[in-house]
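Asker: Just input.txt, nothing more (compact mmCIF, C-alpha atoms and all ligand atoms):
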```
# COMPACT_ATOMS: atom_id res chain seq x y z
CA MET C 25 -4.53 19.10 -12.37
CA THR C 26 -1.79 17.05 -10.72
CA PRO C 27 1.62 16.98 -12.42
CA ILE C 28 3.25 13.58 -11.81
CA ILE C 29 6.62 11.92 -12.26
CA VAL C 30 6.53 8.13 -11.99
CA HIS C 31 9.67 6.54 -10.54
CA GLY C 32 9.83 2.88 -11.60
CA ALA C 33 7.98 3.82 -14.81
CA ALA C 34 8.79 0.64 -16.73
CA GLY C 35 7.69 -1.72 -13.97
CA ARG C 36 4.34 -3.48 -13.67
CA MET C 37 2.94 -0.82 -11.36
CA GLY C 38 4.62 2.13 -13.06
CA ARG C 39 3.12 1.23 -16.44
CA ARG C 40 -0.40 0.92 -15.01
CA ILE C 41 -0.11 4.23 -13.14
CA LEU C 42 1.02 5.97 -16.32
CA ALA C 43 -1.71 4.32 -18.40
CA LEU C 44 -4.46 5.28 -15.94
CA ALA C 45 -3.09 8.84 -15.61
CA ALA C 46 -3.03 9.17 -19.40
CA GLU C 47 -6.73 8.21 -19.47
CA GLN C 48 -7.50 11.19 -17.18
CA PRO C 49 -5.79 14.17 -18.84
CA ALA C 50 -8.08 16.64 -17.04
CA ASP C 51 -6.80 15.36 -13.67
CA TYR C 52 -3.18 14.30 -14.23
CA ARG C 53 -0.33 15.65 -16.33
CA ILE C 54 2.57 13.25 -16.86
CA ILE C 55 5.83 15.19 -16.67
CA ALA C 56 8.15 12.18 -17.01
CA GLY C 57 8.82 8.61 -16.12
CA VAL C 58 12.06 7.50 -14.48
CA ASP C 59 13.58 4.04 -14.83
CA ARG C 60 16.86 2.32 -15.61
CA GLN C 61 16.64 2.84 -19.37
CA ALA C 62 16.10 6.22 -21.03
CA GLY C 63 13.50 6.72 -23.76
CA THR C 64 9.95 8.00 -24.04
CA LEU C 65 6.59 6.82 -22.77
CA ARG C 66 5.97 5.54 -26.31
CA ASP C 67 8.55 2.81 -25.55
CA LEU C 68 6.26 1.75 -22.68
CA GLY C 69 3.22 1.50 -24.94
CA LEU C 70 1.70 4.93 -24.24
CA ALA C 71 0.70 7.47 -26.90
CA SER C 72 3.00 10.14 -25.43
CA ASP C 73 6.45 11.52 -26.14
CA ALA C 74 7.03 12.52 -22.51
CA PRO C 75 10.54 11.42 -21.54
CA VAL C 76 11.65 8.41 -19.54
CA LEU C 77 14.74 9.60 -17.68
CA THR C 78 17.35 7.64 -15.76
CA ALA C 79 17.35 10.02 -12.78
CA LEU C 80 14.65 12.07 -11.08
CA PRO C 81 14.52 15.61 -12.48
CA ALA C 82 14.23 18.73 -10.29
CA GLU C 83 10.64 19.79 -10.97
CA ARG C 84 9.35 21.82 -8.03
CA GLY C 85 5.69 21.09 -7.32
CA ALA C 86 5.43 17.91 -9.39
CA VAL C 87 4.40 14.88 -7.31
CA VAL C 88 6.71 11.86 -7.45
CA ILE C 89 4.92 8.50 -7.43
CA ASP C 90 7.44 5.80 -6.53
CA PHE C 91 6.94 2.08 -7.15
CA SER C 92 10.51 0.94 -7.68
CA HIS C 93 12.97 -0.80 -5.35
CA HIS C 94 13.41 -0.51 -1.60
CA ALA C 95 17.16 0.10 -1.87
CA VAL C 96 16.64 3.48 -3.57
CA PHE C 97 13.89 4.80 -1.29
CA PRO C 98 16.28 7.02 0.75
CA SER C 99 17.73 8.66 -2.37
CA VAL C 100 14.22 9.16 -3.85
CA ILE C 101 12.85 10.88 -0.76
CA ARG C 102 15.98 13.01 -0.30
CA HIS C 103 15.70 14.20 -3.90
CA CYS C 104 12.07 15.14 -3.24
CA VAL C 105 13.01 17.07 -0.10
CA ALA C 106 15.87 18.89 -1.85
CA ASN C 107 13.61 19.95 -4.72
CA GLY C 108 10.27 20.61 -3.02
CA MET C 109 8.46 17.68 -4.62
CA PRO C 110 5.68 15.82 -2.75
CA LEU C 111 6.18 12.03 -2.65
CA ALA C 112 3.72 9.10 -2.72
CA SER C 113 5.65 5.84 -2.38
CA GLY C 114 4.21 2.34 -2.54
CA THR C 115 7.58 0.59 -2.71
CA THR C 116 7.63 -2.30 -0.23
CA GLY C 117 10.52 -3.93 1.58
CA VAL C 118 11.95 -0.70 3.03
CA ALA C 119 13.11 -1.47 6.60
CA PRO C 120 10.59 0.06 9.05
CA SER C 121 13.38 1.99 10.82
CA THR C 122 14.59 3.48 7.51
CA LEU C 123 11.05 4.29 6.48
CA ASP C 124 10.28 6.11 9.73
CA ALA C 125 13.59 7.98 9.82
CA GLU C 126 13.29 9.20 6.23
CA LEU C 127 9.59 10.13 6.43
CA ILE C 128 9.96 11.93 9.76
CA GLY C 129 12.98 13.79 8.36
CA ALA C 130 11.09 14.80 5.21
CA ALA C 131 7.77 15.70 6.85
CA GLY C 132 8.90 19.19 7.84
CA ARG C 133 9.74 20.04 4.23
CA ILE C 134 7.37 18.18 1.88
CA ALA C 135 4.01 16.38 1.88
CA CYS C 136 4.93 12.68 1.86
CA LEU C 137 3.13 9.36 2.18
CA HIS C 138 4.20 5.72 2.15
CA ALA C 139 1.67 2.89 2.03
CA GLY C 140 2.39 -0.81 1.67
CA ASN C 141 -1.05 -1.21 0.12
CA MET C 142 -2.47 1.74 -1.82
CA SER C 143 -5.83 0.13 -2.64
CA VAL C 144 -8.74 2.34 -1.63
CA GLY C 145 -10.82 -0.71 -0.70
CA VAL C 146 -8.14 -2.25 1.51
CA ASN C 147 -7.55 1.02 3.33
CA VAL C 148 -11.27 1.40 4.02
CA LEU C 149 -11.28 -2.24 5.23
CA LEU C 150 -8.41 -1.46 7.65
CA ASP C 151 -10.45 1.35 9.15
CA VAL C 152 -13.70 -0.61 9.39
CA ALA C 153 -12.03 -3.74 10.80
CA ALA C 154 -10.31 -1.72 13.55
CA ARG C 155 -13.55 0.00 14.54
CA LEU C 156 -15.51 -3.24 14.51
CA ALA C 157 -12.93 -5.01 16.67
CA LYS C 158 -13.04 -2.20 19.21
CA ALA C 159 -16.83 -2.21 19.39
CA LEU C 160 -17.17 -6.01 19.60
CA GLY C 161 -14.60 -6.52 22.36
CA LEU C 162 -12.79 -9.66 23.47
CA ASP C 163 -15.89 -11.89 23.43
CA TYR C 164 -15.56 -12.08 19.65
CA ASP C 165 -12.76 -14.24 18.27
CA ILE C 166 -10.88 -12.61 15.38
CA GLU C 167 -9.29 -14.65 12.62
CA ILE C 168 -7.75 -13.32 9.41
CA THR C 169 -7.41 -15.46 6.29
CA GLU C 170 -5.53 -14.38 3.20
CA ALA C 171 -5.11 -16.07 -0.19
CA HIS C 172 -2.53 -15.33 -2.89
CA HIS C 173 -1.11 -16.95 -6.02
CA ASN C 174 1.27 -19.89 -5.78
CA GLN C 175 4.38 -17.82 -6.64
CA LYS C 176 4.19 -15.50 -3.62
CA VAL C 177 7.33 -16.03 -1.53
CA ASP C 178 6.34 -14.53 1.83
CA ALA C 179 3.54 -15.23 4.31
CA PRO C 180 1.41 -13.87 5.83
CA SER C 181 0.89 -11.03 3.37
CA GLY C 182 1.82 -7.45 4.30
CA THR C 183 -1.87 -6.61 4.09
CA ALA C 184 -2.81 -9.38 6.54
CA PHE C 185 -0.24 -7.92 8.94
CA ALA C 186 -1.64 -4.44 8.34
CA LEU C 187 -5.14 -5.70 9.20
CA ALA C 188 -3.91 -7.47 12.32
CA ASP C 189 -1.86 -4.42 13.37
CA ALA C 190 -4.81 -2.06 12.85
CA ILE C 191 -7.03 -4.32 14.97
CA ALA C 192 -4.32 -4.72 17.61
CA THR C 193 -3.71 -0.97 17.85
CA ALA C 194 -7.43 -0.24 18.17
CA THR C 195 -7.90 -2.84 20.92
CA GLY C 196 -4.68 -2.59 22.94
CA ARG C 197 -3.15 -5.79 21.60
CA THR C 198 0.33 -6.41 20.12
CA ARG C 199 1.98 -8.83 17.69
CA ALA C 200 2.52 -11.14 20.68
CA ASP C 201 -1.25 -11.80 20.52
CA MET C 202 -1.03 -13.08 16.93
CA THR C 203 -1.01 -16.79 16.07
CA TYR C 204 0.08 -17.95 12.63
CA GLY C 205 -1.69 -21.13 11.49
CA ARG C 206 -2.41 -23.91 13.94
CA GLU C 207 -1.10 -27.45 14.14
CA GLY C 208 -0.94 -30.27 16.67
CA GLN C 209 -1.86 -30.04 20.35
CA THR C 210 -2.49 -26.30 20.37
CA GLY C 211 -4.78 -26.24 23.39
CA ALA C 212 -7.89 -24.11 23.46
CA ARG C 213 -7.90 -20.75 21.75
CA ARG C 214 -6.45 -17.95 23.92
CA ARG C 215 -8.85 -15.11 24.64
CA GLY C 216 -7.83 -12.08 22.61
CA GLU C 217 -5.74 -14.10 20.16
CA ILE C 218 -5.72 -12.90 16.52
CA GLY C 219 -5.31 -15.91 14.21
CA ILE C 220 -3.70 -15.38 10.79
CA HIS C 221 -3.78 -18.00 8.04
CA ALA C 222 -2.24 -17.99 4.56
CA LEU C 223 -3.57 -19.92 1.55
CA ARG C 224 -1.40 -20.23 -1.60
CA MET C 225 -3.17 -21.32 -4.77
CA GLY C 226 -3.32 -20.77 -8.51
CA ASP C 227 -3.38 -17.21 -9.77
CA VAL C 228 -5.25 -15.53 -6.89
CA VAL C 229 -4.33 -11.79 -6.97
CA GLY C 230 -5.10 -11.19 -3.30
CA ASP C 231 -8.03 -12.07 -1.00
CA HIS C 232 -8.33 -10.97 2.62
CA MET C 233 -11.08 -11.92 5.03
CA VAL C 234 -11.51 -10.91 8.66
CA TRP C 235 -13.78 -13.09 10.79
CA PHE C 236 -15.37 -11.82 13.99
CA VAL C 237 -17.12 -14.73 15.67
CA GLY C 238 -19.02 -14.50 18.96
CA GLY C 239 -21.40 -16.91 20.66
CA GLY C 240 -24.30 -17.21 18.24
CA GLU C 241 -23.21 -14.91 15.42
CA ARG C 242 -20.45 -13.98 13.06
CA ILE C 243 -19.41 -11.01 10.94
CA GLN C 244 -17.14 -11.51 7.94
CA LEU C 245 -15.40 -8.57 6.26
CA GLY C 246 -13.75 -9.38 2.97
CA HIS C 247 -11.73 -7.76 0.20
CA VAL C 248 -10.92 -9.37 -3.14
CA ALA C 249 -8.41 -7.79 -5.53
CA HIS C 250 -9.24 -8.46 -9.18
CA ASN C 251 -6.12 -6.80 -10.58
CA ARG C 252 -3.29 -4.38 -9.79
CA ASP C 253 -5.14 -1.30 -11.00
CA ILE C 254 -6.59 -0.86 -7.50
CA PHE C 255 -3.09 0.06 -6.26
CA ALA C 256 -2.46 2.38 -9.22
CA ARG C 257 -5.77 4.22 -8.67
CA GLY C 258 -4.99 4.66 -4.98
CA ALA C 259 -1.52 6.00 -5.82
CA LEU C 260 -2.99 8.58 -8.23
CA ARG C 261 -5.55 9.63 -5.63
CA ALA C 262 -2.74 9.99 -3.07
CA ALA C 263 -0.73 12.15 -5.51
CA ALA C 264 -3.67 14.53 -6.03
CA PHE C 265 -4.13 14.77 -2.25
CA LEU C 266 -0.43 15.48 -1.61
CA LEU C 267 -0.32 18.25 -4.21
CA ALA C 268 -2.88 20.20 -2.16
CA ALA C 269 -1.52 19.24 1.28
CA LYS C 270 0.94 21.21 3.37
CA ALA C 271 4.24 19.62 4.41
CA GLY C 272 3.76 16.57 6.62
CA ARG C 273 3.67 12.79 6.76
CA TYR C 274 0.36 11.39 5.59
CA HIS C 275 -1.34 8.00 5.43
CA MET C 276 -3.96 6.58 3.06
CA ARG C 277 -6.57 7.21 5.77
CA ASP C 278 -5.84 10.94 5.36
CA VAL C 279 -6.25 10.68 1.59
CA LEU C 280 -9.59 8.91 2.07
CA GLY C 281 -10.86 11.31 4.73
CA LEU C 282 -10.92 8.57 7.40
CA ALA C 283 -8.44 10.16 9.83
P1 LIG F 1 8.67 -4.22 -11.04
O1 LIG F 1 9.93 -4.97 -10.74
O2 LIG F 1 7.81 -4.68 -12.16
O3 LIG F 1 9.03 -2.67 -11.33
C1 LIG F 1 9.99 -1.94 -10.62
C2 LIG F 1 10.59 -0.94 -11.60
O4 LIG F 1 11.47 -0.08 -10.87
C3 LIG F 1 11.43 -1.60 -12.70
O5 LIG F 1 11.05 -1.11 -13.97
C4 LIG F 1 12.85 -1.21 -12.34
O6 LIG F 1 13.70 -1.08 -13.48
C5 LIG F 1 12.62 0.11 -11.64
N1 LIG F 1 13.75 0.50 -10.80
C6 LIG F 1 14.39 -0.24 -9.86
N2 LIG F 1 15.40 0.44 -9.33
C7 LIG F 1 15.42 1.64 -9.95
C8 LIG F 1 16.24 2.78 -9.83
N3 LIG F 1 17.29 2.81 -8.99
N4 LIG F 1 15.97 3.86 -10.60
C9 LIG F 1 14.93 3.84 -11.48
N5 LIG F 1 14.12 2.78 -11.63
C10 LIG F 1 14.36 1.68 -10.87
O7 LIG F 1 7.87 -4.18 -9.66
P2 LIG F 1 6.34 -3.78 -9.41
O8 LIG F 1 5.51 -5.01 -9.37
O9 LIG F 1 5.97 -2.67 -10.34
O10 LIG F 1 6.44 -3.26 -7.91
C11 LIG F 1 7.28 -2.18 -7.58
C12 LIG F 1 7.26 -1.97 -6.08
O11 LIG F 1 5.92 -1.63 -5.66
C13 LIG F 1 7.61 -3.22 -5.27
O12 LIG F 1 8.28 -2.81 -4.10
C14 LIG F 1 6.25 -3.81 -4.92
O13 LIG F 1 6.26 -4.65 -3.82
C15 LIG F 1 5.47 -2.55 -4.67
N6 LIG F 1 4.00 -2.65 -4.77
C16 LIG F 1 3.29 -1.91 -3.88
C17 LIG F 1 1.92 -1.87 -3.94
C18 LIG F 1 1.17 -0.98 -2.99
O14 LIG F 1 -0.05 -0.90 -3.05
N7 LIG F 1 1.87 -0.25 -2.13
C19 LIG F 1 1.24 -2.61 -4.91
C20 LIG F 1 2.00 -3.36 -5.82
C21 LIG F 1 3.38 -3.38 -5.74
```
How would this structure read if it were set down as structure tokens?
Ligand code: NAD
Answerer:
Amino acid sequence: MTPIIVHGAAGRMGRRILALAAEQPADYRIIAGVDRQAGTLRDLGLASDAPVLTALPAERGAVVIDFSHHAVFPSVIRHCVANGMPLASGTTGVAPSTLDAELIGAAGRIACLHAGNMSVGVNVLLDVAARLAKALGLDYDIEITEAHHNQKVDAPSGTAFALADAIATATGRTRADMTYGREGQTGARRRGEIGIHALRMGDVVGDHMVWFVGGGERIQLGHVAHNRDIFARGALRAAAFLLAAKAGRYHMRDVLGLA
């Protein structure tokens, strides 16, 4: 059984993680939530009197699941290191240099993982897309399309970048090979280019499609998110993995046995 502490407990993700953990009492034990306002999980709509604290407690061995705010990531991970608590963080917006420095620093002391997308399906897609790109070679043009709701403020999505990066890494390409949208007199497509295109419409939760098109055939790999529970389920799976893992920096591919 995995003991968990959810940092960002009152947020959209935190609430779903707690609700899904509470549905699996044989697998997860909720020690506490942490957010800006103290109370109990009952205040968050759960049938539990476990506390919601305003600071992370020292609870050696409990796994911290963090979906909060990028500004507090360094203090969260340092607390985990100081108290021997594994950490699974899905908080986005942490500067890559900060992320690397903190995770590398912590890896010698605790099992830790950060993933910008915790969905099991997306992480399997990353793996499959990279392997497909490598096998198909440069004769197949690769384009990535993503669709999100009309309130999303950034483009392309972090997941579209993750797909493009995974393909680039597997095939010796870099971000310089990526083209974002096309307009005007673009000239013919460059060999090896990875095109990325963002659609914004309605209440789409998150669609990603990778196109591999060669002369005479095409392969399309797609992922459609129906709701945010996919991220919460992935986070809980990561927490269970980290509890059993020795100190080190892990990725979702390790959790899923794809490494
Ligand atoms: P949200 O704003 O609904 O929730 C964030 C919660 O964190 C809030 O309740 C807030 O009060 C709390 N919080 C902020 N600072 C805190 C602090 N210093 N101490 C304690 N609590 C604090 O946001 P959300 O939609 O739940 O997303 C949270 C984070 O997770 C964001 O960075 C988001 O981009 C990311 N996210 C990641 C994935 C993934 O798969 N990795 C999926 C969805 C969202």
Asker: Please provide the set of residues having any atom within 7 Å of stretch 210-222 of chain C, restricted to only C-alpha atoms, with same-chain residues fewer than 4 positions apart removed, written as an NGL selection string.
Answerer: :C and (162 or 165-171 or 179-180 or 201-206)
Asker: Go through stretch 129-214 of chain C and flag each residue having an atom no more than 10 Å from stretch 65-87 of chain C; for those, report the closest pair of atoms plus their distance in Å to one decimal, using only C-alpha atoms, ordered by chain and rising number, as a Markdown table.
Answerer:
```
| residue | atom | partner | partner_atom | distance |
| --- | --- | --- | --- | --- |
| C:Ile134 | CA | C:Gly85 | CA | 9.8 |
| C:Ala135 | CA | C:Val87 | CA | 9.3 |
| C:Cys136 | CA | C:Val87 | CA | 9.4 |
```
Asker: From the set C:Gly132, C:Gly108, C:Gly258, C:Gly161, which residue has the shortest atom-to-atom contact distance to C:Phe236, counting all atoms listed in the file?
Answerer: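 Smallest separation from C:Phe236 among the options: C:Gly161.
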Asker: Set out as a tab-separated table a contact list for stretch 58-173 of chain C and stretch 279-282 of chain C with a cut-off of 8 Å, giving each residue of stretch 58-173 of chain C that qualifies its closest atom pair and distance in Å to one decimal, counting all atoms listed in the file, ordered by chain and rising residue number.
Answerer:
```
residue	atom	partner	partner_atom	distance
C:Val144	CA	C:Leu280	CA	7.6
C:Val148	CA	C:Leu282	CA	7.9
C:Asp151	CA	C:Leu282	CA	7.4
```
Asker: Write the residues you've just listed into a file as a PDB file, keeping the file's coordinate frame, and include C-alpha atoms for each of them.
Answerer:
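Final file, part.pdb:
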```pdb
ATOM      1  CA  VAL C 144      -8.740   2.340  -1.630  1.00  0.00           C
ATOM      2  CA  VAL C 148     -11.270   1.400   4.020  1.00  0.00           C
ATOM      3  CA  ASP C 151     -10.450   1.350   9.150  1.00  0.00           C
TER       4      ASP C 151
END
```
Asker: Given a cut-off of 7 Å, what residues near ligand LIG 1 (chain F) show up using all atoms listed in the file, put as a PyMOL selection string?
Answerer: chain C and resi 31-38+58-60+78-79+91-94+96+114-117+139-143+252+255
Asker: Using all atoms listed in the file, pick whichever of C:Ile191, C:Leu127, C:Ala154, C:Gly230 has the shortest atom-to-atom distance to C:Asn174.
Answerer: C:Gly230
Asker: So how far away is atom CA of C:Glu126 from atom CA of C:Tyr52, in Å?
Answerer: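 Separation between atom CA of C:Tyr52 and atom CA of C:Glu126: 26.8 Å.
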Asker: Quick one: distance from atom CA of C:Pro110 to atom CA of C:Val152 in Å, one decimal?
Answerer: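 These atoms are spaced 28.2 Å apart.
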Asker: Determine the nearest neighbour of C:Leu223 from the options C:Asp253, C:Asp163, C:Glu207, C:Asp178, counting all atoms listed in the file.
Answerer: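 Answer, going by the shortest atom-to-atom distance: C:Asp178.
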Asker: Could you tell me how far atom CA of C:Trp235 lies from atom CA of C:Ser181, in Å and to one decimal?
Answerer: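 These two atoms are separated by 16.6 Å.
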Asker: Restricting the calculation to only C-alpha atoms, which member of C:Val100, C:Ala269, C:Met276, C:Ile54 is positioned closest to C:Leu150?
Answerer: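 Going through C:Val100, C:Ala269, C:Met276, C:Ile54 one by one, the smallest distance to C:Leu150 is for C:Met276.
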Asker: Using only C-alpha atoms, find the one residue out of C:Ala43, C:Leu111, C:Cys104, C:Asp189 that sits nearest to C:Ala262.
Answerer: C:Leu111
Asker: Enclose all atoms of stretch 244-261 of chain C listed in the file in an axis-aligned box, grow every side by 4 Å, and hand back centre and edge lengths in Å to one decimal, as JSON.
Answerer:
```
{"center_x": -9.3, "center_y": -0.9, "center_z": -1.5, "size_x": 23.6, "size_y": 29.1, "size_z": 26.9}
```
Asker: Could you list as a PyMOL selection string every residue that has an atom within 10 Å of (-1.6, -18.9, -15.6), using the file's coordinates and counting only C-alpha atoms?
Answerer: chain C and resi 173+226-227
Asker: Give me, as a ChimeraX atom specification, all polymer residues having an atom no more than 7 Å from C:Ile55, counting all atoms listed in the file and skipping those fewer than 4 positions away in the same chain.
Answerer: /C:27-29,74
Asker: Could you check which of C:Val229, C:Ala190, C:Ala268, C:Val118 is closest to C:Asn251, using all atoms listed in the file?
Answerer: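 Looking at the shortest contact to C:Asn251, the residue is C:Val229.
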